[in-house]
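**Q** Next comes the structure file input.txt, holding compact mmCIF, C-alpha atoms.
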```txt
# COMPACT_ATOMS: atom_id res chain seq x y z
CA MET R 905 3.99 25.95 -6.04
CA ASN R 906 6.04 23.14 -7.56
CA ALA R 907 4.59 19.77 -8.54
CA LEU R 908 5.11 16.70 -10.70
CA VAL R 909 2.56 16.82 -13.51
CA LEU R 910 1.66 13.86 -15.69
CA GLU R 911 0.87 15.66 -18.95
CA SER R 912 0.23 12.55 -21.06
CA LYS R 913 1.29 8.93 -21.26
CA GLY R 914 5.00 8.78 -20.44
CA VAL R 915 5.35 12.56 -20.04
CA LEU R 916 6.00 13.62 -16.43
CA LYS R 917 7.30 17.12 -15.74
CA TYR R 918 8.45 18.97 -12.62
CA CYS R 919 7.03 22.46 -12.96
CA ARG R 920 5.19 25.38 -11.41
CA VAL R 921 1.43 25.00 -10.96
CA ASP R 922 -1.34 27.03 -9.39
CA GLU R 923 -1.89 26.84 -5.66
CA PRO R 924 -4.59 24.31 -4.66
CA GLU R 925 -8.18 25.43 -4.22
CA PRO R 926 -10.20 24.50 -1.11
CA PHE R 927 -13.04 22.01 -1.60
CA GLY R 928 -15.29 19.78 0.44
CA LYS R 929 -16.31 19.99 4.07
CA LYS R 930 -13.93 21.90 6.36
CA PRO R 931 -10.95 21.98 3.98
CA VAL R 932 -7.54 22.00 5.65
CA LEU R 933 -4.44 23.21 3.82
CA VAL R 934 -1.56 20.81 4.38
CA ARG R 935 2.10 20.93 3.48
CA ILE R 936 3.10 17.62 1.88
CA ALA R 937 5.83 15.98 3.95
CA ALA R 938 6.54 12.71 2.16
CA VAL R 939 4.73 10.75 -0.53
CA GLY R 940 5.21 7.17 -1.68
CA VAL R 941 5.05 6.00 -5.27
CA CYS R 942 2.47 3.23 -5.72
CA GLY R 943 2.59 0.57 -8.41
CA SER R 944 -0.57 2.15 -9.83
CA ASP R 945 1.34 5.41 -10.33
CA TYR R 946 3.83 3.64 -12.60
CA LEU R 947 0.89 2.23 -14.59
CA ARG R 948 -0.65 5.68 -14.95
CA PHE R 949 2.69 6.92 -16.26
CA SER R 950 3.56 4.11 -18.67
CA ARG R 951 0.31 2.46 -19.71
CA ASP R 952 -2.17 5.29 -20.15
CA LYS R 953 -4.08 4.36 -16.98
CA ALA R 954 -4.83 7.93 -15.86
CA TYR R 955 -8.44 9.07 -15.58
CA HIS R 956 -7.48 12.37 -17.19
CA TYR R 957 -4.57 14.64 -18.16
CA PRO R 958 -2.95 16.68 -16.83
CA LEU R 959 -2.79 14.91 -13.47
CA ILE R 960 -0.80 15.34 -10.29
CA MET R 961 -0.45 11.79 -8.95
CA GLY R 962 0.29 10.68 -5.38
CA HIS R 963 -2.06 9.10 -2.84
CA GLU R 964 0.30 7.66 -0.20
CA PHE R 965 1.35 10.64 1.88
CA SER R 966 1.99 12.32 5.17
CA ALA R 967 1.66 16.04 5.76
CA VAL R 968 1.88 18.92 8.20
CA VAL R 969 -1.15 21.15 8.75
CA GLU R 970 -0.64 24.70 7.48
CA GLU R 971 -4.05 26.42 7.62
CA VAL R 972 -7.32 25.30 9.22
CA PRO R 973 -10.98 26.37 8.83
CA PRO R 974 -12.96 27.79 11.77
CA ASN R 975 -13.72 25.33 14.58
CA SER R 976 -11.31 22.74 13.26
CA LYS R 977 -10.09 19.92 15.50
CA PHE R 978 -6.64 20.43 13.99
CA THR R 979 -4.14 23.24 14.47
CA PRO R 980 -1.21 24.44 12.36
CA TRP R 981 1.89 22.21 12.66
CA ASP R 982 -0.15 19.11 13.47
CA ARG R 983 1.35 16.04 11.82
CA VAL R 984 -1.08 13.87 9.86
CA ALA R 985 -1.49 10.91 7.56
CA VAL R 986 -4.08 11.36 4.82
CA PHE R 987 -6.80 8.91 3.79
CA PRO R 988 -6.90 9.46 0.00
CA LEU R 989 -10.46 8.29 -0.72
CA LEU R 990 -13.08 11.05 -0.72
CA PRO R 991 -16.50 9.46 -0.09
CA ASP R 992 -19.81 10.39 -1.62
CA TYR R 993 -21.92 10.38 1.54
CA HIS R 994 -25.12 10.08 -0.49
CA ASP R 995 -24.22 6.46 -1.18
CA PRO R 996 -25.81 3.99 1.30
CA LEU R 997 -22.55 2.05 1.69
CA ALA R 998 -20.59 5.24 2.32
CA ARG R 999 -23.05 6.23 5.04
CA ILE R 1000 -22.12 3.08 6.99
CA GLY R 1001 -18.39 3.63 6.53
CA GLU R 1002 -17.83 1.24 3.59
CA TYR R 1003 -16.32 3.93 1.40
CA ALA R 1004 -14.15 1.79 -0.89
CA VAL R 1005 -17.00 -0.43 -2.10
CA SER R 1006 -19.50 2.37 -2.60
CA SER R 1007 -20.73 3.17 -6.09
CA ASP R 1008 -18.87 6.46 -6.46
CA TYR R 1009 -16.07 8.35 -4.78
CA ASP R 1010 -13.25 10.76 -5.54
CA TYR R 1011 -9.59 9.93 -4.96
CA PHE R 1012 -6.42 11.95 -4.52
CA GLY R 1013 -3.79 11.21 -7.13
CA SER R 1014 -6.06 9.44 -9.63
CA ARG R 1015 -9.49 11.03 -10.03
CA ARG R 1016 -8.30 14.40 -8.72
CA ASP R 1017 -4.88 15.98 -8.22
CA GLY R 1018 -2.85 14.42 -5.43
CA ALA R 1019 0.31 14.75 -3.39
CA PHE R 1020 3.18 14.90 -5.88
CA ALA R 1021 3.18 18.58 -4.97
CA GLU R 1022 4.08 20.95 -2.15
CA ARG R 1023 0.60 21.70 -0.80
CA LEU R 1024 -2.92 20.30 -0.95
CA TYR R 1025 -6.34 20.99 0.52
CA VAL R 1026 -7.80 17.98 2.32
CA PRO R 1027 -11.22 17.68 3.99
CA GLU R 1028 -10.73 17.51 7.74
CA ASP R 1029 -12.37 14.08 8.02
CA ASN R 1030 -9.61 12.59 5.85
CA LEU R 1031 -6.84 13.57 8.25
CA ILE R 1032 -5.52 11.13 10.84
CA PRO R 1033 -3.16 12.51 13.51
CA ILE R 1034 0.24 10.89 13.88
CA PRO R 1035 2.51 11.10 16.95
CA ASP R 1036 5.84 12.89 16.98
CA SER R 1037 7.52 9.50 17.47
CA LEU R 1038 6.49 8.37 13.98
CA PRO R 1039 8.75 9.85 11.28
CA LEU R 1040 6.92 11.64 8.49
CA LEU R 1041 8.89 9.54 6.02
CA HIS R 1042 7.41 6.34 7.46
CA ALA R 1043 3.93 7.84 7.89
CA ALA R 1044 3.75 8.28 4.11
CA LEU R 1045 3.36 4.50 3.96
CA VAL R 1046 0.43 4.24 6.34
CA GLU R 1047 -1.81 3.88 3.28
CA PRO R 1048 -0.19 0.75 1.75
CA ALA R 1049 0.24 -0.74 5.23
CA ALA R 1050 -3.49 -0.23 5.82
CA VAL R 1051 -4.33 -1.83 2.46
CA ALA R 1052 -2.37 -4.91 3.55
CA LEU R 1053 -3.97 -4.91 7.00
CA HIS R 1054 -7.46 -4.68 5.50
CA GLY R 1055 -6.94 -7.98 3.71
CA MET R 1056 -5.30 -9.69 6.68
CA ARG R 1057 -8.17 -8.78 8.99
CA LYS R 1058 -10.51 -10.75 6.75
CA ILE R 1059 -8.68 -13.96 7.64
CA LYS R 1060 -9.84 -16.15 10.51
CA LEU R 1061 -6.55 -17.47 11.82
CA PRO R 1062 -6.60 -21.04 13.15
CA PRO R 1063 -4.27 -21.97 16.02
CA TYR R 1064 -0.62 -22.36 14.97
CA ALA R 1065 -1.42 -21.05 11.51
CA THR R 1066 1.11 -21.14 8.68
CA GLY R 1067 1.09 -18.23 6.25
CA LEU R 1068 2.40 -17.74 2.72
CA VAL R 1069 2.86 -14.41 0.93
CA ILE R 1070 3.53 -14.53 -2.82
CA GLY R 1071 4.94 -11.22 -4.01
CA CYS R 1072 7.21 -9.25 -1.69
CA GLY R 1073 6.79 -5.66 -2.76
CA SER R 1074 5.69 -3.20 -0.10
CA ILE R 1075 2.11 -4.55 0.10
CA GLY R 1076 3.34 -8.14 0.37
CA ALA R 1077 6.00 -7.20 2.92
CA PHE R 1078 3.43 -5.42 5.07
CA ALA R 1079 1.02 -8.36 4.69
CA ALA R 1080 3.65 -10.81 5.91
CA GLN R 1081 4.35 -8.63 8.94
CA TRP R 1082 0.64 -8.36 9.71
CA LEU R 1083 0.24 -12.13 9.56
CA THR R 1084 2.94 -12.43 12.22
CA ILE R 1085 1.52 -9.63 14.35
CA LEU R 1086 -1.98 -11.11 14.15
CA GLY R 1087 -0.82 -14.55 15.25
CA CYS R 1088 0.64 -16.69 12.47
CA SER R 1089 3.28 -18.98 13.92
CA ARG R 1090 5.26 -19.22 10.67
CA VAL R 1091 5.15 -17.15 7.49
CA PHE R 1092 6.78 -18.01 4.17
CA ALA R 1093 7.65 -15.25 1.68
CA ALA R 1094 8.03 -16.04 -2.04
CA ASP R 1095 9.30 -13.88 -4.88
CA VAL R 1096 11.56 -13.95 -7.95
CA ASP R 1097 13.56 -10.90 -6.84
CA PRO R 1098 16.58 -11.89 -4.71
CA ARG R 1099 16.97 -8.41 -3.23
CA LYS R 1100 13.37 -8.37 -2.04
CA LEU R 1101 13.89 -11.82 -0.58
CA GLU R 1102 16.95 -10.52 1.27
CA ILE R 1103 14.76 -7.85 2.83
CA MET R 1104 12.16 -10.42 3.84
CA ALA R 1105 14.85 -12.66 5.34
CA ARG R 1106 16.14 -9.72 7.40
CA LEU R 1107 12.59 -9.18 8.61
CA GLY R 1108 12.60 -12.77 9.88
CA PHE R 1109 10.60 -14.62 7.23
CA ASP R 1110 11.29 -18.03 5.71
CA VAL R 1111 11.95 -17.09 2.08
CA MET R 1112 11.40 -19.04 -1.14
CA ASP R 1113 13.11 -18.05 -4.38
CA ALA R 1114 10.58 -18.77 -7.11
CA ARG R 1115 13.35 -18.80 -9.73
CA GLN R 1116 14.93 -21.84 -8.12
CA HIS R 1117 12.03 -23.68 -6.50
CA ASP R 1118 8.50 -24.69 -7.36
CA ILE R 1119 6.58 -22.67 -4.78
CA VAL R 1120 3.84 -25.24 -4.32
CA GLU R 1121 6.32 -28.09 -3.83
CA ALA R 1122 8.38 -25.98 -1.42
CA VAL R 1123 5.33 -25.10 0.68
CA MET R 1124 4.19 -28.69 0.83
CA GLU R 1125 7.66 -29.90 1.75
CA ARG R 1126 8.01 -27.37 4.57
CA THR R 1127 4.53 -28.03 5.97
CA GLY R 1128 4.57 -31.83 5.93
CA GLN R 1129 2.33 -31.85 2.82
CA ARG R 1130 -0.41 -29.88 4.64
CA GLY R 1131 -0.11 -26.63 2.75
CA ALA R 1132 -0.46 -23.13 4.14
CA ASP R 1133 -3.47 -22.04 6.18
CA CYS R 1134 -3.37 -18.41 5.01
CA ILE R 1135 -2.10 -17.40 1.58
CA VAL R 1136 -1.72 -13.87 0.30
CA GLU R 1137 -1.49 -13.31 -3.46
CA ALA R 1138 0.24 -9.94 -3.80
CA SER R 1139 1.70 -10.14 -7.31
CA GLY R 1140 -1.37 -9.96 -9.53
CA LEU R 1141 -0.12 -12.59 -11.98
CA PRO R 1142 -2.06 -15.61 -13.25
CA ILE R 1143 0.74 -18.01 -12.32
CA THR R 1144 0.97 -16.70 -8.76
CA LEU R 1145 -2.80 -16.99 -8.29
CA ILE R 1146 -2.63 -20.64 -9.35
CA GLN R 1147 0.32 -21.19 -7.00
CA ALA R 1148 -1.65 -19.61 -4.18
CA LEU R 1149 -4.64 -21.88 -4.75
CA LYS R 1150 -2.49 -25.01 -5.03
CA SER R 1151 -0.62 -24.13 -1.83
CA ALA R 1152 -3.74 -23.95 0.35
CA ALA R 1153 -4.30 -26.41 3.18
CA VAL R 1154 -7.67 -27.96 3.96
CA PHE R 1155 -9.89 -25.05 5.12
CA GLY R 1156 -7.21 -22.71 3.78
CA GLN R 1157 -7.90 -19.05 3.09
CA VAL R 1158 -6.53 -17.23 0.05
CA VAL R 1159 -6.55 -13.42 0.05
CA LEU R 1160 -6.23 -11.57 -3.25
CA LEU R 1161 -4.35 -8.28 -2.84
CA GLY R 1162 -2.78 -8.13 -6.30
CA ASP R 1163 -4.88 -6.72 -9.13
CA MET R 1164 -4.78 -9.38 -11.87
CA ALA R 1165 -2.72 -8.40 -14.90
CA ALA R 1166 -4.35 -10.92 -17.23
CA ASP R 1167 -7.09 -13.54 -17.50
CA VAL R 1168 -6.63 -16.74 -15.51
CA THR R 1169 -7.54 -20.26 -16.63
CA LEU R 1170 -8.07 -22.77 -13.83
CA GLU R 1171 -7.94 -26.52 -14.34
CA ALA R 1172 -11.03 -28.49 -13.35
CA SER R 1173 -8.90 -30.67 -11.06
CA LEU R 1174 -7.68 -27.60 -9.17
CA LEU R 1175 -11.23 -26.33 -8.71
CA SER R 1176 -12.30 -29.78 -7.55
CA THR R 1177 -9.58 -29.79 -4.89
CA PHE R 1178 -10.52 -26.23 -3.97
CA ILE R 1179 -14.12 -27.35 -3.41
CA ARG R 1180 -13.31 -30.61 -1.60
CA HIS R 1181 -10.83 -28.89 0.73
CA GLU R 1182 -13.32 -26.10 1.42
CA VAL R 1183 -10.82 -23.38 0.64
CA THR R 1184 -12.03 -19.79 0.97
CA LEU R 1185 -11.13 -17.17 -1.64
CA ILE R 1186 -11.19 -13.62 -0.25
CA GLY R 1187 -11.15 -10.41 -2.22
CA SER R 1188 -9.75 -7.31 -0.55
CA TRP R 1189 -9.87 -3.75 -1.81
CA ASN R 1190 -8.37 -0.59 -0.35
CA SER R 1191 -8.66 0.05 3.41
CA LYS R 1192 -10.98 1.50 6.06
CA MET R 1193 -10.56 4.55 8.26
CA THR R 1194 -13.76 3.77 10.19
CA PRO R 1195 -14.86 3.36 12.91
CA PRO R 1196 -13.05 6.23 14.67
CA GLY R 1197 -10.81 4.95 17.45
CA LYS R 1198 -10.69 1.40 16.04
CA SER R 1199 -9.84 1.92 12.39
CA GLU R 1200 -7.22 0.12 10.33
CA TRP R 1201 -5.36 3.39 9.87
CA GLU R 1202 -5.10 3.96 13.61
CA MET R 1203 -3.94 0.38 14.07
CA VAL R 1204 -1.22 0.89 11.45
CA ILE R 1205 0.00 4.07 13.13
CA HIS R 1206 0.12 2.31 16.50
CA HIS R 1207 2.16 -0.60 15.16
CA MET R 1208 4.46 1.63 13.07
CA CYS R 1209 5.56 3.05 16.42
CA SER R 1210 6.41 -0.45 17.69
CA ASP R 1211 6.64 -3.67 15.67
CA LEU R 1212 5.68 -2.84 12.06
CA GLN R 1213 8.92 -2.17 10.18
CA VAL R 1214 8.95 0.42 7.40
CA ALA R 1215 12.54 1.53 6.81
CA PRO R 1216 13.77 -1.75 5.24
CA LEU R 1217 11.15 -1.44 2.49
CA ILE R 1218 12.24 2.02 1.28
CA SER R 1219 14.80 1.78 -1.51
CA HIS R 1220 14.82 5.42 -2.65
CA LYS R 1221 14.36 8.70 -0.76
CA ILE R 1222 14.43 11.45 -3.37
CA THR R 1223 13.09 14.90 -4.21
CA LEU R 1224 10.16 15.74 -6.46
CA GLN R 1225 12.66 17.22 -8.93
CA GLU R 1226 14.06 13.72 -9.43
CA GLY R 1227 10.61 12.34 -10.24
CA PRO R 1228 10.77 12.40 -14.07
CA GLN R 1229 14.06 10.49 -13.99
CA ILE R 1230 12.96 7.81 -11.51
CA PHE R 1231 9.75 7.15 -13.45
CA ALA R 1232 11.70 6.86 -16.70
CA ASP R 1233 14.28 4.58 -15.09
CA VAL R 1234 11.57 2.31 -13.63
CA SER R 1235 9.62 2.25 -16.89
CA GLU R 1236 12.74 1.27 -18.86
CA ARG R 1237 13.88 -1.17 -16.13
CA ARG R 1238 17.21 0.58 -15.78
CA ILE R 1239 17.26 0.40 -11.96
CA TRP R 1240 16.26 -1.88 -9.13
CA TYR R 1241 13.69 -0.39 -6.79
CA ASN R 1242 11.34 -1.41 -4.04
CA LYS R 1243 9.55 1.52 -2.43
CA VAL R 1244 10.29 5.01 -3.74
CA VAL R 1245 9.38 7.91 -1.47
CA PHE R 1246 9.52 11.59 -2.38
CA VAL R 1247 10.69 13.62 0.62
CA VAL R 1248 9.05 16.98 0.07
CA SER R 1249 8.94 19.24 3.14
CA GLU R 1250 11.82 20.60 5.20
CA GLU R 1251 10.52 18.76 8.28
CA ALA R 1252 10.54 15.42 6.48
CA ARG R 1253 13.99 16.02 5.02
CA ALA R 1254 15.41 16.87 8.45
CA GLU R 1255 13.82 13.78 10.00
CA ALA R 1256 15.04 11.55 7.17
CA ALA R 1257 18.57 12.85 7.66
CA ARG R 1258 18.40 12.05 11.37
CA LEU R 1259 17.17 8.53 10.62
CA VAL R 1260 20.25 7.96 8.43
CA ASP R 1261 22.54 9.29 11.17
CA GLU R 1262 20.95 6.95 13.71
```
Take the structure I supplied and represent it as structure tokens, if you would.
**A**
Amino acid sequence: MNALVLESKGVLKYCRVDEPEPFGKKPVLVRIAAVGVCGSDYLRFSRDKAYHYPLIMGHEFSAVVEEVPPNSKFTPWDRVAVFPLLPDYHDPLARIGEYAVSSDYDYFGSRRDGAFAERLYVPEDNLIPIPDSLPLLHAALVEPAAVALHGMRKIKLPPYATGLVIGCGSIGAFAAQWLTILGCSRVFAADVDPRKLEIMARLGFDVMDARQHDIVEAVMERTGQRGADCIVEASGLPITLIQALKSAAVFGQVVLLGDMAADVTLEASLLSTFIRHEVTLIGSWNSKMTPPGKSEWEMVIHHMCSDLQVAPLISHKITLQEGPQIFADVSERRIWYNKVVFVVSEEARAEAARLVDE
């Protein structure tokens, strides 16, 4: 089959590889439909962040079932989203469904080969059915939408809450939408990228251009000097973390979704205000596909069929063959991009074409 293979730092090739081998409990062979490129994939490519080489990246993906083991709950042609984390069920935390914070796990696209390919074996328990009404292209982004939802569900929203999202990539854009869906009366979106801010404005958010305004001053001005009740830091930069903390209202809640790119130094006066205002700092990592019937992944799929918008976030719909070029262009900052999605299978390509026509 064909795949994108990261051979070493900065060396990504589209080439023939061996067919995948079954592994795990009740392995299901799936045909990759569409797969999103995560910010972590760019880091693996450009900054030597891969666990090993060679590596087939890709952990945000939808698929179509091709072959099933005996007594499977799935059948060929079923449409699925794929939870990329592979738990070690010997771990006590994994046994209660807290896979992402357990001591050890495997992971498609980082610790083992992932979905920048045509086919993959996936343990049956990692498959989540998706309805025919949800395009495979959009279902590839269930994973980042669930990561955003995981953090937002940790917030205890007060009545008439005001939200602030700093960083409007796909995770930030999903987080802002979740704040609205979960009950925030007003959500501000801040970024330095005018094209991302245009997207957020089209989605209905009150945008703040961080190139032209001091974010903290703008938040205070627009909230009558109260600050925001719920703040999402989705950039991973020291300056945006400090802005998030300074923007918090009394009893505010700050959720960290961005992985910090550098050390952060906090002034004593800021920490004093943080303490006196009883602000809560919340860490959030990955997402949960448990409990069955009430999981974050199922909630994402439900809302993607109604009020969670995906299409505006996708800047590029391309083939795997175009992968080496897009990674080089992003690494060298030759292009603007938001969310890049590889459209792999014939079903996904046909659906994507119909979406354009509509």
**Q** Excluding range 1199-1213 of chain R and residues on its chain fewer than 4 positions from it, collect all residues at most 9 Å away from it, counting only C-alpha atoms, and give them as a PDB file with C-alpha atoms, in the coordinates of the input.
**A**
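Dumped to out_8.pdb:
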```pdb
ATOM      1  CA  ALA R 985      -1.490  10.910   7.560  1.00  0.00           C
ATOM      2  CA  PHE R 987      -6.800   8.910   3.790  1.00  0.00           C
ATOM      3  CA  ILE R1032      -5.520  11.130  10.840  1.00  0.00           C
ATOM      4  CA  PRO R1033      -3.160  12.510  13.510  1.00  0.00           C
ATOM      5  CA  ILE R1034       0.240  10.890  13.880  1.00  0.00           C
ATOM      6  CA  PRO R1035       2.510  11.100  16.950  1.00  0.00           C
ATOM      7  CA  SER R1037       7.520   9.500  17.470  1.00  0.00           C
ATOM      8  CA  LEU R1038       6.490   8.370  13.980  1.00  0.00           C
ATOM      9  CA  HIS R1042       7.410   6.340   7.460  1.00  0.00           C
ATOM     10  CA  ALA R1043       3.930   7.840   7.890  1.00  0.00           C
ATOM     11  CA  VAL R1046       0.430   4.240   6.340  1.00  0.00           C
ATOM     12  CA  GLU R1047      -1.810   3.880   3.280  1.00  0.00           C
ATOM     13  CA  ALA R1049       0.240  -0.740   5.230  1.00  0.00           C
ATOM     14  CA  ALA R1050      -3.490  -0.230   5.820  1.00  0.00           C
ATOM     15  CA  VAL R1051      -4.330  -1.830   2.460  1.00  0.00           C
ATOM     16  CA  LEU R1053      -3.970  -4.910   7.000  1.00  0.00           C
ATOM     17  CA  HIS R1054      -7.460  -4.680   5.500  1.00  0.00           C
ATOM     18  CA  PHE R1078       3.430  -5.420   5.070  1.00  0.00           C
ATOM     19  CA  GLN R1081       4.350  -8.630   8.940  1.00  0.00           C
ATOM     20  CA  TRP R1082       0.640  -8.360   9.710  1.00  0.00           C
ATOM     21  CA  ILE R1085       1.520  -9.630  14.350  1.00  0.00           C
ATOM     22  CA  LEU R1107      12.590  -9.180   8.610  1.00  0.00           C
ATOM     23  CA  SER R1191      -8.660   0.050   3.410  1.00  0.00           C
ATOM     24  CA  LYS R1192     -10.980   1.500   6.060  1.00  0.00           C
ATOM     25  CA  MET R1193     -10.560   4.550   8.260  1.00  0.00           C
ATOM     26  CA  THR R1194     -13.760   3.770  10.190  1.00  0.00           C
ATOM     27  CA  PRO R1195     -14.860   3.360  12.910  1.00  0.00           C
ATOM     28  CA  LEU R1217      11.150  -1.440   2.490  1.00  0.00           C
TER      29      LEU R1217
END
```
**Q** Which of these residues is nearest to Lys930 in chain R, using all atoms listed in the file: R:Gly1156, R:Gly1076, R:Pro973, R:Gly1227?
**A**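 Selected residue with least distance to Lys930 in chain R: R:Pro973.
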**Q** Name the residues, using the chain letters and numbers of the file, that sit within 6 Å of (11.3, 11.8, 0.5) when counting only C-alpha atoms, and give them as a list in words.
**A**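 Here the neighbourhood of the point contains Ala938, Lys1221, Ile1222, Thr1223, Val1245, Phe1246, Val1247 and Val1248 of chain R.
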**Q** Can you write out the residues you just picked, keeping C-alpha atoms, as a PDB file, in the frame of the given file?
**A**
```
ATOM      1  CA  ALA R 938       6.540  12.710   2.160  1.00  0.00           C
ATOM      2  CA  LYS R1221      14.360   8.700  -0.760  1.00  0.00           C
ATOM      3  CA  ILE R1222      14.430  11.450  -3.370  1.00  0.00           C
ATOM      4  CA  THR R1223      13.090  14.900  -4.210  1.00  0.00           C
ATOM      5  CA  VAL R1245       9.380   7.910  -1.470  1.00  0.00           C
ATOM      6  CA  PHE R1246       9.520  11.590  -2.380  1.00  0.00           C
ATOM      7  CA  VAL R1247      10.690  13.620   0.620  1.00  0.00           C
ATOM      8  CA  VAL R1248       9.050  16.980   0.070  1.00  0.00           C
TER       9      VAL R1248
END
```
**Q** Pick from R:Asp1097, R:Glu1022, R:Asp1110, R:Asp1233: nearest to Glu923 in chain R, with only C-alpha atoms counted?
**A**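 The closest residue to Glu923 in chain R is R:Glu1022.
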**Q** What is the distance, in Å and to one decimal place, between CA of Thr1169 in chain R and CA of Ala1004 in chain R?
**A** 27.9 Å
**Q** Set the distance at 12 Å and use only C-alpha atoms: which residues neighbour Glu925 in chain R once local chain neighbours fewer than 3 positions away are removed? I'd like the list as an mmCIF file with C-alpha atoms, in the frame of the given file.
**A**
```
data_model
loop_
_atom_site.group_PDB
_atom_site.id
_atom_site.type_symbol
_atom_site.label_atom_id
_atom_site.label_comp_id
_atom_site.auth_asym_id
_atom_site.auth_seq_id
_atom_site.Cartn_x
_atom_site.Cartn_y
_atom_site.Cartn_z
ATOM 1 C CA VAL R 921 1.430 25.000 -10.960
ATOM 2 C CA ASP R 922 -1.340 27.030 -9.390
ATOM 3 C CA GLY R 928 -15.290 19.780 0.440
ATOM 4 C CA PRO R 931 -10.950 21.980 3.980
ATOM 5 C CA VAL R 932 -7.540 22.000 5.650
ATOM 6 C CA LEU R 933 -4.440 23.210 3.820
ATOM 7 C CA VAL R 934 -1.560 20.810 4.380
ATOM 8 C CA ARG R 1016 -8.300 14.400 -8.720
ATOM 9 C CA ASP R 1017 -4.880 15.980 -8.220
ATOM 10 C CA ARG R 1023 0.600 21.700 -0.800
ATOM 11 C CA LEU R 1024 -2.920 20.300 -0.950
ATOM 12 C CA TYR R 1025 -6.340 20.990 0.520
ATOM 13 C CA VAL R 1026 -7.800 17.980 2.320
ATOM 14 C CA PRO R 1027 -11.220 17.680 3.990
#
```
**Q** With only C-alpha atoms as the basis for distance, which of R:Glu1102, R:Ala1114, R:Ser1249, R:Thr1177 is at the shortest distance from Glu970 in chain R?
**A**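 Using only C-alpha atoms, the shortest distance to Glu970 in chain R belongs to R:Ser1249.
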**Q** Val909 in chain R: which residues within 7 Å, counting all atoms listed in the file, same-chain residues fewer than 2 positions away excluded, as JSON, numbers by chain?
**A** {"R": [907, 911, 916, 917, 918, 958, 959, 960]}
